[in-house]
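The data block below is start19.tsv; it holds TSV, C-alpha atoms.
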chain	number	residue	atom	x	y	z
A	1325	MET	CA	24.74	-30.91	9.00
A	1326	SER	CA	21.14	-31.67	8.08
A	1327	ASP	CA	19.98	-29.31	10.85
A	1328	PHE	CA	21.42	-26.41	8.90
A	1329	CYS	CA	19.67	-27.23	5.63
A	1330	PRO	CA	16.46	-25.28	6.39
A	1331	ILE	CA	18.52	-22.27	7.43
A	1332	LEU	CA	20.64	-22.41	4.30
A	1333	GLU	CA	17.53	-22.76	2.14
A	1334	GLN	CA	15.93	-19.75	3.84
A	1335	ARG	CA	19.06	-17.69	3.28
A	1336	ARG	CA	19.08	-18.71	-0.37
A	1337	ARG	CA	15.49	-17.53	-0.77
A	1338	TRP	CA	16.28	-14.22	0.90
A	1339	ARG	CA	19.29	-13.68	-1.39
A	1340	ASN	CA	17.16	-14.41	-4.45
A	1341	ALA	CA	14.41	-12.09	-3.24
A	1342	LEU	CA	16.94	-9.35	-2.54
A	1343	ARG	CA	18.42	-9.66	-6.02
A	1344	CYS	CA	14.92	-9.40	-7.48
A	1345	GLY	CA	14.16	-6.35	-5.32
A	1346	LEU	CA	17.35	-4.59	-6.38
A	1347	LEU	CA	16.60	-5.30	-10.02
A	1348	LEU	CA	13.11	-3.85	-9.68
A	1349	ALA	CA	14.51	-0.77	-7.95
A	1350	LEU	CA	17.08	-0.22	-10.73
A	1351	ILE	CA	14.43	-0.63	-13.42
A	1352	ALA	CA	12.10	1.76	-11.61
A	1353	ALA	CA	14.88	4.33	-11.24
A	1354	ALA	CA	15.82	4.06	-14.91
A	1355	SER	CA	12.30	4.26	-16.31
A	1356	GLY	CA	9.90	5.09	-13.52
A	1357	PHE	CA	7.41	6.71	-15.87
A	1358	LEU	CA	6.76	3.34	-17.46
A	1359	PHE	CA	5.30	2.05	-14.20
A	1360	SER	CA	2.65	4.76	-13.81
A	1361	VAL	CA	-0.48	3.40	-15.41
A	1362	ASN	CA	-3.31	5.84	-15.98
A	1363	ALA	CA	-6.40	3.83	-15.15
A	1364	GLY	CA	-8.58	5.61	-17.71
A	1365	GLU	CA	-12.31	5.33	-18.15
A	1366	SER	CA	-12.17	1.63	-19.07
A	1367	ALA	CA	-10.74	0.57	-15.70
A	1368	THR	CA	-13.10	-1.10	-13.27
A	1369	SER	CA	-13.60	0.35	-9.81
A	1370	VAL	CA	-12.09	-1.31	-6.78
A	1371	PRO	CA	-14.89	-2.89	-4.67
A	1372	LEU	CA	-15.60	-0.73	-1.64
A	1373	ASP	CA	-18.00	-2.98	0.25
A	1374	GLY	CA	-15.52	-5.41	1.87
A	1375	GLN	CA	-15.42	-5.65	5.66
A	1376	PHE	CA	-12.04	-5.08	7.30
A	1377	THR	CA	-10.56	-4.31	10.71
A	1378	ASN	CA	-8.16	-1.44	11.23
A	1379	GLU	CA	-5.11	-1.21	13.48
A	1380	LEU	CA	-7.29	0.15	16.30
A	1381	GLY	CA	-9.53	-2.92	16.19
A	1382	ARG	CA	-12.44	-1.05	14.59
A	1383	ALA	CA	-14.53	-2.59	11.82
A	1384	VAL	CA	-14.36	-0.53	8.62
A	1385	THR	CA	-15.41	-0.71	4.98
A	1386	LEU	CA	-13.68	1.12	2.18
A	1387	SER	CA	-16.96	2.85	1.38
A	1388	GLU	CA	-16.50	4.86	4.59
A	1389	PHE	CA	-13.72	6.73	2.79
A	1390	ARG	CA	-15.91	7.82	-0.13
A	1391	GLY	CA	-15.43	11.54	-0.65
A	1392	GLN	CA	-11.73	11.28	0.07
A	1393	ALA	CA	-8.78	10.69	-2.22
A	1394	LEU	CA	-7.40	7.25	-1.34
A	1395	ALA	CA	-4.01	5.65	-1.81
A	1396	ILE	CA	-4.02	1.89	-1.18
A	1397	THR	CA	-1.06	-0.48	-1.04
A	1398	PHE	CA	-0.50	-4.06	0.12
A	1399	ILE	CA	2.15	-5.18	2.61
A	1400	TYR	CA	3.02	-7.64	5.33
A	1401	THR	CA	4.83	-6.51	8.46
A	1402	ARG	CA	7.44	-9.32	8.55
A	1403	CYS	CA	8.77	-8.45	5.08
A	1404	PRO	CA	12.60	-8.36	5.36
A	1405	MET	CA	13.38	-6.85	1.95
A	1406	PRO	CA	14.10	-3.08	2.19
A	1407	GLN	CA	12.85	-2.39	-1.34
A	1408	PHE	CA	9.65	-4.35	-0.86
A	1409	CYS	CA	7.06	-3.64	1.87
A	1410	PRO	CA	9.32	-1.33	3.92
A	1411	ARG	CA	9.78	0.87	0.85
A	1412	LEU	CA	6.01	0.95	0.24
A	1413	SER	CA	5.44	1.97	3.85
A	1414	LYS	CA	8.21	4.57	3.63
A	1415	ASN	CA	6.42	6.01	0.60
A	1416	PHE	CA	3.27	6.47	2.65
A	1417	GLN	CA	5.23	7.97	5.54
A	1418	GLU	CA	6.74	10.53	3.16
A	1419	VAL	CA	3.41	11.20	1.44
A	1420	SER	CA	1.73	11.82	4.79
A	1421	ALA	CA	4.46	14.24	5.87
A	1422	LYS	CA	4.44	16.14	2.57
A	1423	LEU	CA	0.67	16.55	2.49
A	1424	ALA	CA	0.51	17.57	6.15
A	1425	ALA	CA	3.20	20.21	5.60
A	1426	MET	CA	1.37	21.92	2.73
A	1427	THR	CA	-0.03	25.37	3.40
A	1428	ASN	CA	-3.75	25.26	2.64
A	1429	GLY	CA	-3.31	21.65	1.53
A	1430	PRO	CA	-6.26	19.27	1.18
A	1431	VAL	CA	-7.59	17.33	4.15
A	1432	ASN	CA	-9.83	14.92	2.24
A	1433	TRP	CA	-7.26	12.18	1.73
A	1434	HIS	CA	-6.44	8.86	3.37
A	1435	LEU	CA	-3.79	6.16	3.03
A	1436	LEU	CA	-4.62	2.46	3.43
A	1437	SER	CA	-2.05	-0.28	3.94
A	1438	VAL	CA	-3.68	-3.69	3.60
A	1439	THR	CA	-1.90	-6.78	4.92
A	1440	PHE	CA	-1.99	-10.05	3.01
A	1441	ASP	CA	-0.73	-11.90	6.11
A	1442	PRO	CA	-3.75	-11.64	8.43
A	1443	ALA	CA	-2.74	-14.63	10.55
A	1444	THR	CA	0.29	-12.68	11.80
A	1445	ASP	CA	-0.73	-9.08	11.25
A	1446	THR	CA	-3.31	-8.58	13.96
A	1447	PRO	CA	-4.57	-5.06	14.75
A	1448	SER	CA	-2.03	-4.64	17.55
A	1449	VAL	CA	0.83	-5.80	15.30
A	1450	LEU	CA	-0.30	-3.39	12.60
A	1451	LYS	CA	-0.54	-0.53	15.09
A	1452	ALA	CA	3.00	-1.16	16.33
A	1453	TYR	CA	4.17	-1.34	12.72
A	1454	GLY	CA	2.46	1.95	11.89
A	1455	GLU	CA	4.09	3.63	14.85
A	1456	ARG	CA	7.49	2.72	13.42
A	1457	TYR	CA	6.55	4.93	10.48
A	1458	ALA	CA	5.12	7.74	12.66
A	1459	TYR	CA	1.69	7.19	11.18
A	1460	ASP	CA	-1.22	9.56	11.83
A	1461	ALA	CA	-4.44	7.58	12.34
A	1462	GLU	CA	-6.46	10.52	11.00
A	1463	HIS	CA	-4.98	10.02	7.55
A	1464	TRP	CA	-3.41	6.54	7.48
A	1465	SER	CA	-4.99	3.20	8.40
A	1466	PHE	CA	-3.65	-0.35	8.42
A	1467	LEU	CA	-6.22	-3.00	7.54
A	1468	THR	CA	-6.53	-6.71	8.17
A	1469	GLY	CA	-9.54	-8.97	7.77
A	1470	ALA	CA	-10.84	-12.32	6.67
A	1471	PRO	CA	-8.55	-13.97	4.09
A	1472	GLU	CA	-11.33	-14.07	1.50
A	1473	GLN	CA	-11.96	-10.33	1.86
A	1474	ILE	CA	-8.28	-9.52	1.51
A	1475	SER	CA	-7.97	-11.88	-1.45
A	1476	ALA	CA	-10.94	-10.27	-3.23
A	1477	LEU	CA	-9.55	-6.78	-2.78
A	1478	ALA	CA	-6.07	-7.89	-3.84
A	1479	ARG	CA	-7.40	-9.58	-6.99
A	1480	SER	CA	-9.30	-6.46	-7.99
A	1481	ALA	CA	-6.07	-4.49	-7.59
A	1482	GLY	CA	-3.99	-6.96	-9.60
A	1483	VAL	CA	-2.07	-8.14	-6.54
A	1484	SER	CA	-0.94	-11.75	-6.37
A	1485	TYR	CA	0.68	-13.31	-3.31
A	1486	LYS	CA	1.46	-16.70	-1.82
A	1487	PRO	CA	3.31	-17.97	1.27
A	1488	ASN	CA	6.81	-19.26	0.64
A	1489	GLY	CA	8.93	-20.67	3.46
A	1490	GLY	CA	7.96	-18.17	6.13
A	1491	MET	CA	7.87	-15.27	3.70
A	1492	VAL	CA	5.23	-14.08	1.24
A	1493	ASP	CA	5.95	-13.83	-2.47
A	1494	HIS	CA	4.05	-10.94	-3.99
A	1495	ASN	CA	4.00	-8.27	-6.63
A	1496	PHE	CA	3.45	-4.53	-6.07
A	1497	ARG	CA	0.48	-2.25	-6.43
A	1498	THR	CA	-0.21	1.22	-5.11
A	1499	LEU	CA	-3.64	2.44	-6.20
A	1500	ILE	CA	-5.08	5.93	-6.28
A	1501	ILE	CA	-8.86	5.97	-5.87
A	1502	ASP	CA	-10.71	9.20	-6.52
A	1503	PRO	CA	-13.39	10.48	-4.10
A	1504	ALA	CA	-16.14	8.93	-6.23
A	1505	GLY	CA	-14.59	5.48	-5.78
A	1506	ARG	CA	-13.07	5.26	-9.27
A	1507	LEU	CA	-9.62	3.89	-9.93
A	1508	GLN	CA	-7.51	6.85	-11.04
A	1509	MET	CA	-3.94	5.56	-11.16
A	1510	VAL	CA	-1.94	2.36	-10.58
A	1511	PHE	CA	1.74	2.21	-9.66
A	1512	PRO	CA	2.79	-1.45	-10.19
A	1513	THR	CA	6.24	-1.18	-8.60
A	1514	SER	CA	8.06	-0.28	-5.42
A	1515	GLY	CA	10.79	2.35	-5.32
A	1516	ASP	CA	10.46	5.99	-4.27
A	1517	LEU	CA	6.98	6.98	-5.44
A	1518	SER	CA	6.14	9.57	-2.81
A	1519	ASP	CA	6.13	12.62	-5.11
A	1520	GLN	CA	4.05	10.82	-7.73
A	1521	ILE	CA	1.55	9.63	-5.12
A	1522	VAL	CA	1.25	13.15	-3.70
A	1523	GLU	CA	0.64	14.51	-7.20
A	1524	GLN	CA	-2.15	12.00	-7.79
A	1525	ILE	CA	-3.76	12.58	-4.38
A	1526	LEU	CA	-3.77	16.33	-5.00
A	1527	LYS	CA	-5.35	15.76	-8.39
A	1528	ALA	CA	-8.09	13.56	-6.91
A	1529	ALA	CA	-8.71	15.76	-3.87
A	1530	ALA	CA	-8.93	18.90	-6.00
A	1531	VAL	CA	-11.96	17.52	-7.86
A	1532	THR	CA	-13.91	17.12	-4.63
A	1533	ASN	CA	-12.80	20.51	-3.31
A	1534	LYS	CA	-13.86	22.20	-6.56
A	1535	LEU	CA	-17.28	20.56	-6.49
A	1536	ALA	CA	-17.74	21.54	-2.84
A	1537	THR	CA	-16.96	25.16	-3.72
A	1538	LEU	CA	-19.40	25.14	-6.64
A	1539	ASN	CA	-22.15	23.74	-4.41
A	1540	GLN	CA	-21.76	26.40	-1.74
A	1541	PRO	CA	-24.71	28.87	-1.57
Could you render the structure from this file as structure tokens?
Amino acid sequence: MSDFCPILEQRRRWRNALRCGLLLALIAAASGFLFSVNAGESATSVPLDGQFTNELGRAVTLSEFRGQALAITFIYTRCPMPQFCPRLSKNFQEVSAKLAAMTNGPVNWHLLSVTFDPATDTPSVLKAYGERYAYDAEHWSFLTGAPEQISALARSAGVSYKPNGGMVDHNFRTLIIDPAGRLQMVFPTSGDLSDQIVEQILKAAAVTNKLATLNQP
């Protein structure tokens, strides 16, 4: 009987996490506008100088994306809760499809999914995960890196996480960064956010496109 104790404990944790996820989803559905936080002028910028590795094994820094509207979220690929990381990744899949389908839509945008489980989420694992969501590497990257770099970025975004019995306990953040590197919007929940993320990306991208037009000879 003792051999089954770890399994039973794991199942108990999953049931508790699922209940929590369903509660968050219901709250978000009932009052989603409460979870959209306008960053405002007093918000600090997310640091863009950290060194990461993308799903293709290439070294990148967030500063490489300056000039583009960015959406950043935090996941881990083993997450079993449908309303947790899979929902965040589904949001980005839907955002990517909606932006790509727009006639004369912006091209200066990029989505970043950052893992907080770098020991498991190697570049090849992240690439396979991205392919499950039909990701386009031109506009969506999956990042891993040194734990201290991930932790620093997560802290600046208000993300907390810790391992718990083979899973990772964490909160939610999807950030919108404008092309100048300023924090524009924070969505501190999961749930279906794709339309709201698209709206914020269009808002951020439009600023850069307008400036580019004004600067043309």
Worksheet item: Counting all atoms listed in the file, which of A:Arg1497, A:Arg1382, A:Arg1456, A:Lys1527 gets nearest to A:Ile1396?
Response: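 Nearest candidate to A:Ile1396 out of A:Arg1497, A:Arg1382, A:Arg1456, A:Lys1527: A:Arg1497.
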Practice prompt. Excluding A:Leu1499 and residues on its chain fewer than 4 positions from it, collect all residues at most 9 Å away from it, counting all atoms listed in the file, and give them as a list in words.
Written response: Leu1394, Ala1395, Ile1396, Thr1397, Ala1481, Leu1507, Gln1508, Met1509, Val1510, Phe1511, Pro1512 and Ile1521 of chain A
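With distances restricted to all atoms listed in the file, A:Asp1502 is the closest residue to A:Gln1392 from A:Asp1502, A:Asp1516, A:Glu1472, A:Glu1523.
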Item to complete: Write out as an NGL selection string each polymer residue whose atoms come within 12 Å of A:Leu1423, counting only C-alpha atoms; drop sequence neighbours fewer than 2 positions from it.
Response: :A and (1416-1421 or 1425-1435 or 1460 or 1463-1464 or 1518-1519 or 1521-1526 or 1529)
Fill in: Counting only C-alpha atoms, the residue of A:Asp1441, A:Glu1455, A:Glu1379, A:Glu1462 that sits nearest A:His1494
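For A:His1494, the nearest of the candidates is A:Asp1441.
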Item to complete: Around the point (-11.9, -7.9, 6.7), in the coordinates given by the file, pick out the residues reaching within 6 Å, counting only C-alpha atoms, and return them as a list in words.
Response: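 Protein, DNA and RNA residues close to (-11.9, -7.9, 6.7): Gln1375, Phe1376, Thr1377, Thr1468, Gly1469, Ala1470 and Gln1473 of chain A.
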Taking N, CA, C and O atoms as the atom set, what does stretch 1419-1437 of chain A look like once completed, written as an mmCIF file, keeping the file's coordinate frame?
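Generated output (part13.cif):
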data_model
loop_
_atom_site.group_PDB
_atom_site.id
_atom_site.type_symbol
_atom_site.label_atom_id
_atom_site.label_comp_id
_atom_site.auth_asym_id
_atom_site.auth_seq_id
_atom_site.Cartn_x
_atom_site.Cartn_y
_atom_site.Cartn_z
ATOM 1 N N VAL A 1419 4.609 10.561 1.983
ATOM 2 C CA VAL A 1419 3.410 11.200 1.440
ATOM 3 C C VAL A 1419 2.640 11.916 2.546
ATOM 4 O O VAL A 1419 2.224 13.073 2.394
ATOM 5 N N SER A 1420 2.463 11.237 3.662
ATOM 6 C CA SER A 1420 1.730 11.820 4.790
ATOM 7 C C SER A 1420 2.403 13.102 5.271
ATOM 8 O O SER A 1420 1.739 14.124 5.510
ATOM 9 N N ALA A 1421 3.729 13.070 5.397
ATOM 10 C CA ALA A 1421 4.460 14.240 5.870
ATOM 11 C C ALA A 1421 4.364 15.390 4.875
ATOM 12 O O ALA A 1421 4.186 16.560 5.258
ATOM 13 N N LYS A 1422 4.474 15.084 3.591
ATOM 14 C CA LYS A 1422 4.440 16.140 2.570
ATOM 15 C C LYS A 1422 3.060 16.789 2.493
ATOM 16 O O LYS A 1422 2.948 18.024 2.389
ATOM 17 N N LEU A 1423 2.011 15.991 2.558
ATOM 18 C CA LEU A 1423 0.670 16.550 2.490
ATOM 19 C C LEU A 1423 0.354 17.362 3.747
ATOM 20 O O LEU A 1423 -0.253 18.438 3.664
ATOM 21 N N ALA A 1424 0.772 16.862 4.893
ATOM 22 C CA ALA A 1424 0.510 17.570 6.150
ATOM 23 C C ALA A 1424 1.248 18.900 6.213
ATOM 24 O O ALA A 1424 0.792 19.844 6.880
ATOM 25 N N ALA A 1425 2.389 18.992 5.545
ATOM 26 C CA ALA A 1425 3.200 20.210 5.600
ATOM 27 C C ALA A 1425 2.745 21.278 4.614
ATOM 28 O O ALA A 1425 3.232 22.411 4.665
ATOM 29 N N MET A 1426 1.807 20.962 3.738
ATOM 30 C CA MET A 1426 1.370 21.920 2.730
ATOM 31 C C MET A 1426 0.503 23.017 3.331
ATOM 32 O O MET A 1426 -0.422 22.745 4.088
ATOM 33 N N THR A 1427 0.812 24.246 2.997
ATOM 34 C CA THR A 1427 -0.030 25.370 3.400
ATOM 35 C C THR A 1427 -1.319 25.316 2.596
ATOM 36 O O THR A 1427 -1.294 25.234 1.365
ATOM 37 N N ASN A 1428 -2.436 25.347 3.291
ATOM 38 C CA ASN A 1428 -3.750 25.260 2.640
ATOM 39 C C ASN A 1428 -3.894 23.985 1.807
ATOM 40 O O ASN A 1428 -4.588 23.975 0.784
ATOM 41 N N GLY A 1429 -3.222 22.921 2.229
ATOM 42 C CA GLY A 1429 -3.310 21.650 1.530
ATOM 43 C C GLY A 1429 -4.650 20.975 1.786
ATOM 44 O O GLY A 1429 -5.403 21.355 2.695
ATOM 45 N N PRO A 1430 -4.980 19.962 1.002
ATOM 46 C CA PRO A 1430 -6.260 19.270 1.180
ATOM 47 C C PRO A 1430 -6.257 18.445 2.466
ATOM 48 O O PRO A 1430 -5.206 18.049 2.966
ATOM 49 N N VAL A 1431 -7.439 18.194 2.971
ATOM 50 C CA VAL A 1431 -7.590 17.330 4.150
ATOM 51 C C VAL A 1431 -8.396 16.085 3.826
ATOM 52 O O VAL A 1431 -8.486 15.174 4.645
ATOM 53 N N ASN A 1432 -8.975 16.056 2.627
ATOM 54 C CA ASN A 1432 -9.830 14.920 2.240
ATOM 55 C C ASN A 1432 -9.015 13.845 1.529
ATOM 56 O O ASN A 1432 -9.194 13.544 0.357
ATOM 57 N N TRP A 1433 -8.092 13.262 2.272
ATOM 58 C CA TRP A 1433 -7.260 12.180 1.730
ATOM 59 C C TRP A 1433 -6.998 11.167 2.827
ATOM 60 O O TRP A 1433 -7.040 11.480 4.018
ATOM 61 N N HIS A 1434 -6.718 9.933 2.407
ATOM 62 C CA HIS A 1434 -6.440 8.860 3.370
ATOM 63 C C HIS A 1434 -5.565 7.809 2.705
ATOM 64 O O HIS A 1434 -5.708 7.532 1.512
ATOM 65 N N LEU A 1435 -4.670 7.230 3.481
ATOM 66 C CA LEU A 1435 -3.790 6.160 3.030
ATOM 67 C C LEU A 1435 -4.220 4.858 3.693
ATOM 68 O O LEU A 1435 -4.516 4.834 4.893
ATOM 69 N N LEU A 1436 -4.242 3.775 2.910
ATOM 70 C CA LEU A 1436 -4.620 2.460 3.430
ATOM 71 C C LEU A 1436 -3.533 1.456 3.094
ATOM 72 O O LEU A 1436 -3.213 1.248 1.920
ATOM 73 N N SER A 1437 -2.994 0.822 4.116
ATOM 74 C CA SER A 1437 -2.050 -0.280 3.940
ATOM 75 C C SER A 1437 -2.748 -1.561 4.341
ATOM 76 O O SER A 1437 -3.136 -1.729 5.499
#
